[in-house]
$ cat model13.cif   # mmCIF, N, CA and C atoms
data_data
loop_
_atom_site.label_atom_id
_atom_site.label_comp_id
_atom_site.auth_asym_id
_atom_site.auth_seq_id
_atom_site.Cartn_x
_atom_site.Cartn_y
_atom_site.Cartn_z
N MET A 19 44.91 39.33 103.75
CA MET A 19 44.29 40.27 104.67
C MET A 19 42.82 40.44 104.31
N GLU A 20 41.97 40.40 105.31
CA GLU A 20 40.54 40.49 105.08
C GLU A 20 40.13 41.94 104.84
N ALA A 21 39.24 42.14 103.88
CA ALA A 21 38.77 43.49 103.57
C ALA A 21 37.85 43.99 104.66
N ILE A 22 37.98 45.27 104.98
CA ILE A 22 37.09 45.91 105.95
C ILE A 22 36.16 46.83 105.17
N LEU A 23 34.88 46.72 105.42
CA LEU A 23 33.87 47.49 104.71
C LEU A 23 33.20 48.46 105.67
N LYS A 24 32.79 49.58 105.17
CA LYS A 24 31.99 50.52 105.95
C LYS A 24 30.56 50.45 105.43
N CYS A 25 29.66 50.24 106.33
CA CYS A 25 28.26 50.17 105.95
C CYS A 25 27.77 51.59 105.67
N PRO A 26 27.16 51.82 104.51
CA PRO A 26 26.67 53.17 104.18
C PRO A 26 25.66 53.65 105.21
N GLY A 27 25.73 54.92 105.51
CA GLY A 27 24.75 55.52 106.42
C GLY A 27 24.97 55.15 107.87
N SER A 28 26.12 54.56 108.16
CA SER A 28 26.38 54.11 109.52
C SER A 28 27.74 54.64 109.95
N PRO A 29 27.81 55.90 110.35
CA PRO A 29 29.09 56.52 110.67
C PRO A 29 29.86 55.74 111.73
N GLY A 30 31.10 55.43 111.40
CA GLY A 30 31.96 54.77 112.36
C GLY A 30 31.74 53.29 112.51
N ARG A 31 30.76 52.72 111.87
CA ARG A 31 30.53 51.28 112.00
C ARG A 31 31.23 50.57 110.87
N PHE A 32 32.18 49.75 111.22
CA PHE A 32 32.92 48.97 110.24
C PHE A 32 32.72 47.51 110.57
N PHE A 33 32.81 46.67 109.58
CA PHE A 33 32.70 45.25 109.81
C PHE A 33 33.57 44.51 108.81
N SER A 34 33.98 43.31 109.18
CA SER A 34 34.78 42.49 108.28
C SER A 34 33.87 41.87 107.25
N ARG A 35 34.41 41.61 106.08
CA ARG A 35 33.62 40.91 105.07
C ARG A 35 33.23 39.58 105.69
N GLY A 36 31.97 39.31 105.79
CA GLY A 36 31.49 38.06 106.38
C GLY A 36 30.76 38.30 107.68
N HIS A 37 31.44 38.82 108.67
CA HIS A 37 30.83 39.13 109.95
C HIS A 37 31.85 39.77 110.85
N GLU A 38 31.40 40.30 111.96
CA GLU A 38 32.30 40.95 112.90
C GLU A 38 33.15 39.87 113.57
N PRO A 39 34.44 40.10 113.78
CA PRO A 39 35.31 39.09 114.37
C PRO A 39 34.82 38.58 115.72
N GLU A 40 34.26 39.45 116.56
CA GLU A 40 33.83 39.01 117.88
C GLU A 40 32.55 38.18 117.83
N SER A 41 31.96 38.03 116.68
CA SER A 41 30.71 37.27 116.60
C SER A 41 30.94 35.81 116.19
N MET A 42 32.19 35.38 116.11
CA MET A 42 32.49 34.00 115.75
C MET A 42 32.36 33.11 116.98
N PRO A 43 31.47 32.11 116.95
CA PRO A 43 31.29 31.26 118.11
C PRO A 43 32.37 30.19 118.22
N SER A 44 32.73 29.82 119.45
CA SER A 44 33.56 28.64 119.63
C SER A 44 32.61 27.45 119.64
N LYS A 45 33.15 26.27 119.48
CA LYS A 45 32.30 25.08 119.42
C LYS A 45 31.59 24.81 120.74
N LYS A 46 32.16 25.30 121.86
CA LYS A 46 31.58 25.05 123.17
C LYS A 46 30.42 26.01 123.48
N GLU A 47 30.39 27.14 122.83
CA GLU A 47 29.40 28.17 123.15
C GLU A 47 28.06 27.89 122.49
N LYS A 48 27.04 28.55 123.05
CA LYS A 48 25.72 28.51 122.44
C LYS A 48 25.76 29.27 121.13
N GLY A 49 24.64 29.39 120.49
CA GLY A 49 24.56 30.10 119.22
C GLY A 49 24.89 31.58 119.35
N ARG A 50 25.06 32.20 118.21
CA ARG A 50 25.45 33.60 118.16
C ARG A 50 24.42 34.52 118.78
N VAL A 51 23.15 34.26 118.53
CA VAL A 51 22.11 35.12 119.10
C VAL A 51 22.21 35.10 120.62
N SER A 52 22.32 33.92 121.20
CA SER A 52 22.42 33.80 122.66
C SER A 52 23.62 34.56 123.20
N ARG A 53 24.76 34.45 122.53
CA ARG A 53 25.96 35.14 122.98
C ARG A 53 25.83 36.65 122.86
N ILE A 54 25.23 37.10 121.77
CA ILE A 54 25.04 38.55 121.58
C ILE A 54 24.11 39.10 122.65
N ILE A 55 23.02 38.39 122.95
CA ILE A 55 22.07 38.83 123.97
C ILE A 55 22.76 38.85 125.35
N LYS A 56 23.56 37.83 125.64
CA LYS A 56 24.27 37.77 126.92
C LYS A 56 25.22 38.96 127.05
N GLN A 57 25.96 39.27 125.99
CA GLN A 57 26.88 40.41 126.03
C GLN A 57 26.12 41.72 126.17
N ARG A 58 24.98 41.82 125.49
CA ARG A 58 24.14 43.02 125.57
C ARG A 58 23.68 43.24 127.01
N THR A 59 23.26 42.18 127.68
CA THR A 59 22.81 42.26 129.07
C THR A 59 23.95 42.73 129.98
N LYS A 60 25.13 42.18 129.77
CA LYS A 60 26.30 42.59 130.55
C LYS A 60 26.60 44.07 130.32
N ASN A 61 26.60 44.49 129.06
CA ASN A 61 26.86 45.89 128.73
C ASN A 61 25.79 46.82 129.29
N GLN A 62 24.54 46.36 129.28
CA GLN A 62 23.43 47.16 129.81
C GLN A 62 23.62 47.42 131.30
N LYS A 63 24.01 46.40 132.05
CA LYS A 63 24.25 46.58 133.48
C LYS A 63 25.37 47.58 133.73
N ARG A 64 26.39 47.52 132.89
CA ARG A 64 27.51 48.45 133.07
C ARG A 64 27.08 49.89 132.78
N ILE A 65 26.33 50.10 131.69
CA ILE A 65 25.90 51.46 131.35
C ILE A 65 24.94 51.99 132.41
N GLU A 66 24.10 51.12 132.97
CA GLU A 66 23.19 51.53 134.03
C GLU A 66 23.96 51.99 135.26
N SER A 67 25.10 51.36 135.52
CA SER A 67 25.93 51.71 136.66
C SER A 67 26.73 52.99 136.41
N GLU A 68 27.31 53.10 135.22
CA GLU A 68 28.22 54.20 134.94
C GLU A 68 27.54 55.44 134.36
N ALA A 69 26.41 55.27 133.71
CA ALA A 69 25.68 56.40 133.11
C ALA A 69 24.18 56.16 133.28
N PRO A 70 23.70 56.20 134.52
CA PRO A 70 22.29 55.84 134.78
C PRO A 70 21.28 56.71 134.05
N LEU A 71 21.53 57.98 133.92
CA LEU A 71 20.58 58.86 133.24
C LEU A 71 20.46 58.49 131.76
N LEU A 72 21.58 58.22 131.12
CA LEU A 72 21.58 57.79 129.72
C LEU A 72 20.81 56.49 129.57
N ALA A 73 21.10 55.52 130.43
CA ALA A 73 20.44 54.22 130.35
C ALA A 73 18.94 54.35 130.60
N GLU A 74 18.57 55.15 131.59
CA GLU A 74 17.16 55.32 131.92
C GLU A 74 16.40 56.01 130.79
N GLY A 75 16.99 57.06 130.24
CA GLY A 75 16.33 57.78 129.16
C GLY A 75 16.11 56.92 127.94
N PHE A 76 17.15 56.20 127.53
CA PHE A 76 17.02 55.32 126.37
C PHE A 76 16.03 54.19 126.65
N GLY A 77 16.12 53.62 127.86
CA GLY A 77 15.21 52.53 128.23
C GLY A 77 13.75 52.96 128.22
N ASN A 78 13.49 54.17 128.72
CA ASN A 78 12.11 54.68 128.71
C ASN A 78 11.61 54.89 127.28
N MET A 79 12.48 55.39 126.42
CA MET A 79 12.09 55.58 125.01
C MET A 79 11.75 54.23 124.38
N MET A 80 12.60 53.24 124.61
CA MET A 80 12.36 51.91 124.03
C MET A 80 11.03 51.32 124.52
N LYS A 81 10.78 51.43 125.81
CA LYS A 81 9.52 50.91 126.36
C LYS A 81 8.32 51.60 125.73
N ALA A 82 8.41 52.91 125.57
CA ALA A 82 7.30 53.66 124.99
C ALA A 82 7.08 53.29 123.53
N TYR A 83 8.14 53.12 122.79
CA TYR A 83 8.01 52.88 121.35
C TYR A 83 7.64 51.43 121.01
N TYR A 84 8.02 50.49 121.86
CA TYR A 84 7.76 49.09 121.54
C TYR A 84 6.54 48.52 122.28
N THR A 85 5.60 49.37 122.65
CA THR A 85 4.34 48.89 123.22
C THR A 85 3.30 48.84 122.10
N GLU A 86 2.25 48.10 122.32
CA GLU A 86 1.16 48.03 121.35
C GLU A 86 0.59 49.43 121.15
N SER A 87 0.37 49.78 119.91
CA SER A 87 -0.25 51.07 119.58
C SER A 87 -0.90 50.89 118.20
N ALA A 88 -0.80 51.87 117.34
CA ALA A 88 -1.36 51.73 116.00
C ALA A 88 -0.73 50.55 115.26
N LEU A 89 0.53 50.28 115.55
CA LEU A 89 1.21 49.10 114.98
C LEU A 89 1.41 48.05 116.06
N PRO A 90 1.10 46.81 115.74
CA PRO A 90 1.39 45.74 116.71
C PRO A 90 2.90 45.61 116.91
N VAL A 91 3.30 45.09 118.07
CA VAL A 91 4.72 44.91 118.38
C VAL A 91 5.41 44.07 117.31
N LYS A 92 4.74 43.06 116.80
CA LYS A 92 5.34 42.22 115.76
C LYS A 92 5.76 43.07 114.56
N HIS A 93 4.91 43.98 114.13
CA HIS A 93 5.23 44.83 112.99
C HIS A 93 6.38 45.79 113.31
N LYS A 94 6.40 46.30 114.53
CA LYS A 94 7.49 47.18 114.94
C LYS A 94 8.82 46.43 114.91
N GLU A 95 8.81 45.19 115.37
CA GLU A 95 10.04 44.40 115.38
C GLU A 95 10.48 44.04 113.95
N LEU A 96 9.53 43.80 113.07
CA LEU A 96 9.89 43.54 111.67
C LEU A 96 10.51 44.80 111.03
N ILE A 97 9.98 45.96 111.37
CA ILE A 97 10.59 47.21 110.91
C ILE A 97 12.01 47.32 111.45
N ALA A 98 12.18 46.98 112.73
CA ALA A 98 13.50 47.04 113.36
C ALA A 98 14.48 46.06 112.69
N VAL A 99 13.99 44.91 112.24
CA VAL A 99 14.85 43.97 111.50
C VAL A 99 15.34 44.64 110.22
N ALA A 100 14.42 45.25 109.47
CA ALA A 100 14.81 45.93 108.22
C ALA A 100 15.83 47.03 108.49
N LEU A 101 15.59 47.82 109.52
CA LEU A 101 16.51 48.92 109.84
C LEU A 101 17.86 48.39 110.32
N SER A 102 17.86 47.31 111.09
CA SER A 102 19.11 46.71 111.54
C SER A 102 19.97 46.29 110.36
N ILE A 103 19.32 45.74 109.35
CA ILE A 103 20.03 45.30 108.15
C ILE A 103 20.53 46.51 107.37
N SER A 104 19.69 47.51 107.19
CA SER A 104 20.13 48.67 106.41
C SER A 104 21.25 49.43 107.10
N ARG A 105 21.32 49.35 108.44
CA ARG A 105 22.38 50.02 109.20
C ARG A 105 23.57 49.10 109.48
N CYS A 106 23.48 47.85 109.05
CA CYS A 106 24.56 46.86 109.23
C CYS A 106 24.93 46.67 110.70
N CYS A 107 23.94 46.52 111.54
CA CYS A 107 24.16 46.36 112.97
C CYS A 107 23.85 44.92 113.37
N VAL A 108 24.88 44.10 113.50
CA VAL A 108 24.70 42.68 113.82
C VAL A 108 24.02 42.49 115.18
N PRO A 109 24.46 43.18 116.25
CA PRO A 109 23.76 42.99 117.53
C PRO A 109 22.28 43.41 117.45
N CYS A 110 22.00 44.50 116.73
CA CYS A 110 20.61 44.94 116.55
C CYS A 110 19.81 43.86 115.83
N LEU A 111 20.41 43.29 114.80
CA LEU A 111 19.73 42.25 114.03
C LEU A 111 19.41 41.04 114.89
N ALA A 112 20.37 40.63 115.73
CA ALA A 112 20.14 39.48 116.61
C ALA A 112 18.98 39.75 117.55
N VAL A 113 19.00 40.90 118.21
CA VAL A 113 17.96 41.24 119.19
C VAL A 113 16.59 41.36 118.54
N HIS A 114 16.51 42.08 117.42
CA HIS A 114 15.20 42.32 116.82
C HIS A 114 14.66 41.11 116.06
N THR A 115 15.55 40.24 115.57
CA THR A 115 15.08 38.98 114.99
C THR A 115 14.45 38.13 116.08
N LYS A 116 15.14 38.03 117.21
CA LYS A 116 14.60 37.27 118.36
C LYS A 116 13.27 37.87 118.81
N ASN A 117 13.23 39.19 118.95
CA ASN A 117 11.99 39.84 119.40
C ASN A 117 10.85 39.64 118.40
N ALA A 118 11.16 39.69 117.11
CA ALA A 118 10.12 39.50 116.08
C ALA A 118 9.54 38.09 116.17
N ILE A 119 10.41 37.10 116.30
CA ILE A 119 9.95 35.71 116.42
C ILE A 119 9.10 35.55 117.68
N GLU A 120 9.56 36.12 118.79
CA GLU A 120 8.80 36.04 120.05
C GLU A 120 7.47 36.77 119.95
N ALA A 121 7.39 37.77 119.09
CA ALA A 121 6.13 38.52 118.91
C ALA A 121 5.21 37.83 117.90
N GLY A 122 5.64 36.68 117.38
CA GLY A 122 4.77 35.91 116.49
C GLY A 122 5.12 35.97 115.01
N ALA A 123 6.21 36.63 114.66
CA ALA A 123 6.60 36.70 113.24
C ALA A 123 7.08 35.33 112.77
N THR A 124 6.80 35.03 111.54
CA THR A 124 7.29 33.79 110.94
C THR A 124 8.64 34.03 110.28
N ARG A 125 9.32 32.96 109.95
CA ARG A 125 10.59 33.05 109.24
C ARG A 125 10.41 33.84 107.94
N ASP A 126 9.34 33.54 107.20
CA ASP A 126 9.09 34.22 105.93
C ASP A 126 8.85 35.72 106.13
N GLU A 127 8.15 36.09 107.20
CA GLU A 127 7.92 37.52 107.48
C GLU A 127 9.24 38.23 107.80
N VAL A 128 10.10 37.58 108.58
CA VAL A 128 11.40 38.17 108.91
C VAL A 128 12.23 38.34 107.64
N ILE A 129 12.22 37.33 106.78
CA ILE A 129 12.98 37.42 105.52
C ILE A 129 12.40 38.51 104.62
N ASP A 130 11.09 38.65 104.58
CA ASP A 130 10.49 39.74 103.79
C ASP A 130 10.92 41.11 104.32
N ALA A 131 10.95 41.26 105.64
CA ALA A 131 11.41 42.52 106.22
C ALA A 131 12.88 42.75 105.85
N ALA A 132 13.66 41.68 105.86
CA ALA A 132 15.08 41.79 105.50
C ALA A 132 15.26 42.30 104.07
N LYS A 133 14.36 41.91 103.19
CA LYS A 133 14.44 42.37 101.79
C LYS A 133 14.36 43.90 101.71
N ILE A 134 13.53 44.48 102.55
CA ILE A 134 13.40 45.94 102.55
C ILE A 134 14.70 46.56 103.06
N GLY A 135 15.29 45.97 104.09
CA GLY A 135 16.56 46.46 104.60
C GLY A 135 17.65 46.40 103.54
N VAL A 136 17.67 45.34 102.76
CA VAL A 136 18.66 45.21 101.68
C VAL A 136 18.41 46.25 100.61
N GLU A 137 17.15 46.49 100.29
CA GLU A 137 16.82 47.48 99.27
C GLU A 137 17.36 48.85 99.65
N PHE A 138 17.28 49.19 100.92
CA PHE A 138 17.76 50.50 101.38
C PHE A 138 19.27 50.52 101.59
N GLY A 139 19.86 49.38 101.94
CA GLY A 139 21.27 49.36 102.29
C GLY A 139 22.22 48.84 101.23
N GLY A 140 21.70 48.19 100.18
CA GLY A 140 22.54 47.71 99.11
C GLY A 140 23.40 46.51 99.48
N GLY A 141 24.57 46.42 98.83
CA GLY A 141 25.45 45.26 98.97
C GLY A 141 25.84 44.92 100.40
N PRO A 142 26.31 45.89 101.21
CA PRO A 142 26.66 45.54 102.58
C PRO A 142 25.47 45.00 103.37
N SER A 143 24.28 45.48 103.09
CA SER A 143 23.09 44.97 103.78
C SER A 143 22.76 43.55 103.31
N PHE A 144 22.98 43.28 102.03
CA PHE A 144 22.79 41.90 101.54
C PHE A 144 23.74 40.97 102.29
N ALA A 145 24.98 41.40 102.50
CA ALA A 145 25.95 40.59 103.24
C ALA A 145 25.47 40.34 104.67
N MET A 146 24.79 41.30 105.27
CA MET A 146 24.23 41.11 106.62
C MET A 146 23.24 39.95 106.63
N VAL A 147 22.39 39.89 105.62
CA VAL A 147 21.40 38.82 105.55
C VAL A 147 22.10 37.49 105.28
N ARG A 148 22.94 37.49 104.27
CA ARG A 148 23.63 36.26 103.86
C ARG A 148 24.46 35.68 105.00
N ASN A 149 25.16 36.54 105.75
CA ASN A 149 26.12 36.06 106.72
C ASN A 149 25.61 35.98 108.15
N ASN A 150 24.39 36.44 108.40
CA ASN A 150 23.88 36.48 109.77
C ASN A 150 22.44 36.02 109.93
N LEU A 151 21.51 36.60 109.18
CA LEU A 151 20.09 36.42 109.45
C LEU A 151 19.65 34.96 109.40
N LEU A 152 20.01 34.23 108.36
CA LEU A 152 19.53 32.86 108.24
C LEU A 152 20.05 31.99 109.39
N GLU A 153 21.29 32.22 109.79
CA GLU A 153 21.85 31.51 110.94
C GLU A 153 21.08 31.86 112.22
N PHE A 154 20.76 33.14 112.40
CA PHE A 154 19.99 33.56 113.57
C PHE A 154 18.62 32.89 113.58
N LEU A 155 17.94 32.87 112.44
CA LEU A 155 16.63 32.22 112.36
C LEU A 155 16.71 30.74 112.66
N ASP A 156 17.73 30.07 112.12
CA ASP A 156 17.92 28.64 112.39
C ASP A 156 18.06 28.41 113.90
N GLU A 157 18.88 29.23 114.55
CA GLU A 157 19.09 29.09 115.99
C GLU A 157 17.80 29.33 116.77
N LEU A 158 17.07 30.36 116.42
CA LEU A 158 15.86 30.71 117.16
C LEU A 158 14.75 29.71 116.94
N GLU A 159 14.69 29.08 115.79
CA GLU A 159 13.65 28.09 115.52
C GLU A 159 13.89 26.77 116.25
N LYS A 160 15.11 26.54 116.69
CA LYS A 160 15.43 25.30 117.42
C LYS A 160 14.91 25.35 118.85
N LYS A 161 14.64 26.56 119.36
CA LYS A 161 14.23 26.71 120.77
C LYS A 161 12.81 26.28 120.97
#

$ encode --input "model13.cif" --output "structure tokens"
Amino acid sequence: MEAILKCPGSPGRFFSRGHEPESMPSKKEKGRVSRIIKQRTKNQKRIESEAPLLAEGFGNMMKAYYTESALPVKHKELIAVALSISRCCVPCLAVHTKNAIEAGATRDEVIDAAKIGVEFGGGPSFAMVRNNLLEFLDELEKK
């Protein structure tokens, strides 16, 4: 039986040692990042339909916070990578790794940000990097 771990500081978020079961790709599917983004888009449309005020409020906050300001978007996305790791959020990590790369971050910059996330999150956060981040970067660099 596979051990289930709770990521510290992340109430209610549990994950299997290694990765979340739903994040395992079949051989026919695209990479994990692509699948996570596709599922996120599907879920976003549903929340917009069923809870439009919630979706609109959160969407407006995200737009406001991820625009150029005192910090460039690239730096904000690198911060989001570190936070995704410290909170053990695989979908967050996929999205913000992709966004960081698209904003001009290098592989080394993303890995440096990941180190900060591990420092704050400890062992479970290290597992996030080991079991997800490098694969996500490999996939995104192929595009």

$ residues_around --input "model13.cif" --residues "range 83-99 of chain A" --least-positions-apart "6" --cutoff "6 Å" --atoms "only N, CA and C atoms" --output "list in words"
Leu111, His114, Thr115, Asn117, Ala118, Ala121, Gly122, Ala123, Ala131 and Ala132 of chain A

$ atom_distance --input "model13.cif" --atom1 "CA of Glu68 in chain A" --atom2 "atom N of Ile103 in chain A"
28.4 Å

$ closest_residue --input "model13.cif" --among "A:Glu157, A:Ser143, A:Arg53, A:Arg148" --to "Ser102 in chain A" --atoms "only C-alpha atoms"
A:Ser143

$ atom_distance --input "model13.cif" --atom1 "CA of Cys106 in chain A" --atom2 "CA of Leu151 in chain A"
11.4 Å

$ atom_distance --input "model13.cif" --atom1 "CA of Ile65 in chain A" --atom2 "CA of Val108 in chain A"
19.6 Å

$ decode --input "model13.cif" --residues "range 78-109 of chain A" --atoms "N, CA and C atoms" --output "mmCIF file, in the first residue's frame"
data_model
loop_
_atom_site.group_PDB
_atom_site.id
_atom_site.type_symbol
_atom_site.label_atom_id
_atom_site.label_comp_id
_atom_site.auth_asym_id
_atom_site.auth_seq_id
_atom_site.Cartn_x
_atom_site.Cartn_y
_atom_site.Cartn_z
ATOM 1 N N ASN A 78 -10.196 38.531 -11.476
ATOM 2 C CA ASN A 78 -9.785 39.938 -11.405
ATOM 3 C C ASN A 78 -8.566 40.116 -10.504
ATOM 4 N N MET A 79 -8.554 39.398 -9.387
ATOM 5 C CA MET A 79 -7.403 39.472 -8.480
ATOM 6 C C MET A 79 -6.141 38.988 -9.197
ATOM 7 N N MET A 80 -6.256 37.852 -9.887
ATOM 8 C CA MET A 80 -5.087 37.304 -10.595
ATOM 9 C C MET A 80 -4.570 38.282 -11.656
ATOM 10 N N LYS A 81 -5.478 38.858 -12.421
ATOM 11 C CA LYS A 81 -5.066 39.824 -13.452
ATOM 12 C C LYS A 81 -4.345 41.013 -12.827
ATOM 13 N N ALA A 82 -4.872 41.507 -11.721
ATOM 14 C CA ALA A 82 -4.261 42.662 -11.054
ATOM 15 C C ALA A 82 -2.885 42.321 -10.506
ATOM 16 N N TYR A 83 -2.744 41.159 -9.923
ATOM 17 C CA TYR A 83 -1.482 40.807 -9.265
ATOM 18 C C TYR A 83 -0.395 40.367 -10.241
ATOM 19 N N TYR A 84 -0.771 39.819 -11.379
ATOM 20 C CA TYR A 84 0.236 39.311 -12.311
ATOM 21 C C TYR A 84 0.506 40.265 -13.475
ATOM 22 N N THR A 85 0.275 41.548 -13.279
ATOM 23 C CA THR A 85 0.656 42.536 -14.289
ATOM 24 C C THR A 85 2.007 43.127 -13.890
ATOM 25 N N GLU A 86 2.669 43.730 -14.844
ATOM 26 C CA GLU A 86 3.944 44.400 -14.561
ATOM 27 C C GLU A 86 3.718 45.480 -13.515
ATOM 28 N N SER A 87 4.593 45.532 -12.553
ATOM 29 C CA SER A 87 4.541 46.575 -11.521
ATOM 30 C C SER A 87 5.961 46.707 -10.974
ATOM 31 N N ALA A 88 6.114 46.868 -9.682
ATOM 32 C CA ALA A 88 7.453 46.961 -9.106
ATOM 33 C C ALA A 88 8.262 45.692 -9.397
ATOM 34 N N LEU A 89 7.578 44.564 -9.482
ATOM 35 C CA LEU A 89 8.236 43.299 -9.856
ATOM 36 C C LEU A 89 7.813 42.909 -11.265
ATOM 37 N N PRO A 90 8.765 42.516 -12.079
ATOM 38 C CA PRO A 90 8.396 42.008 -13.409
ATOM 39 C C PRO A 90 7.597 40.712 -13.274
ATOM 40 N N VAL A 91 6.779 40.412 -14.278
ATOM 41 C CA VAL A 91 5.964 39.194 -14.267
ATOM 42 C C VAL A 91 6.843 37.954 -14.084
ATOM 43 N N LYS A 92 8.001 37.935 -14.702
ATOM 44 C CA LYS A 92 8.900 36.781 -14.555
ATOM 45 C C LYS A 92 9.213 36.528 -13.084
ATOM 46 N N HIS A 93 9.513 37.572 -12.336
ATOM 47 C CA HIS A 93 9.835 37.407 -10.916
ATOM 48 C C HIS A 93 8.614 36.948 -10.116
ATOM 49 N N LYS A 94 7.449 37.474 -10.467
ATOM 50 C CA LYS A 94 6.224 37.050 -9.787
ATOM 51 C C LYS A 94 5.970 35.565 -10.026
ATOM 52 N N GLU A 95 6.205 35.108 -11.249
ATOM 53 C CA GLU A 95 5.987 33.694 -11.560
ATOM 54 C C GLU A 95 7.026 32.805 -10.855
ATOM 55 N N LEU A 96 8.243 33.290 -10.720
ATOM 56 C CA LEU A 96 9.251 32.521 -9.976
ATOM 57 C C LEU A 96 8.864 32.421 -8.494
ATOM 58 N N ILE A 97 8.315 33.492 -7.950
ATOM 59 C CA ILE A 97 7.808 33.446 -6.572
ATOM 60 C C ILE A 97 6.685 32.420 -6.488
ATOM 61 N N ALA A 98 5.798 32.423 -7.486
ATOM 62 C CA ALA A 98 4.681 31.476 -7.503
ATOM 63 C C ALA A 98 5.172 30.027 -7.605
ATOM 64 N N VAL A 99 6.276 29.802 -8.320
ATOM 65 C CA VAL A 99 6.870 28.457 -8.372
ATOM 66 C C VAL A 99 7.296 28.035 -6.968
ATOM 67 N N ALA A 100 8.009 28.922 -6.267
ATOM 68 C CA ALA A 100 8.460 28.596 -4.901
ATOM 69 C C ALA A 100 7.275 28.313 -3.986
ATOM 70 N N LEU A 101 6.243 29.133 -4.077
ATOM 71 C CA LEU A 101 5.063 28.934 -3.229
ATOM 72 C C LEU A 101 4.311 27.654 -3.595
ATOM 73 N N SER A 102 4.238 27.345 -4.876
ATOM 74 C CA SER A 102 3.585 26.105 -5.308
ATOM 75 C C SER A 102 4.268 24.893 -4.703
ATOM 76 N N ILE A 103 5.588 24.946 -4.662
ATOM 77 C CA ILE A 103 6.364 23.846 -4.090
ATOM 78 C C ILE A 103 6.168 23.786 -2.585
ATOM 79 N N SER A 104 6.233 24.922 -1.918
ATOM 80 C CA SER A 104 6.082 24.903 -0.457
ATOM 81 C C SER A 104 4.684 24.462 -0.040
ATOM 82 N N ARG A 105 3.684 24.696 -0.897
ATOM 83 C CA ARG A 105 2.299 24.289 -0.603
ATOM 84 C C ARG A 105 1.960 22.917 -1.193
ATOM 85 N N CYS A 106 2.911 22.308 -1.892
ATOM 86 C CA CYS A 106 2.719 20.968 -2.494
ATOM 87 C C CYS A 106 1.526 20.925 -3.440
ATOM 88 N N CYS A 107 1.421 21.904 -4.301
ATOM 89 C CA CYS A 107 0.313 21.994 -5.245
ATOM 90 C C CYS A 107 0.825 21.684 -6.655
ATOM 91 N N VAL A 108 0.621 20.457 -7.105
ATOM 92 C CA VAL A 108 1.115 20.032 -8.415
ATOM 93 C C VAL A 108 0.493 20.851 -9.547
ATOM 94 N N PRO A 109 -0.837 21.056 -9.580
ATOM 95 C CA PRO A 109 -1.385 21.879 -10.662
ATOM 96 C C PRO A 109 -0.833 23.310 -10.652
#
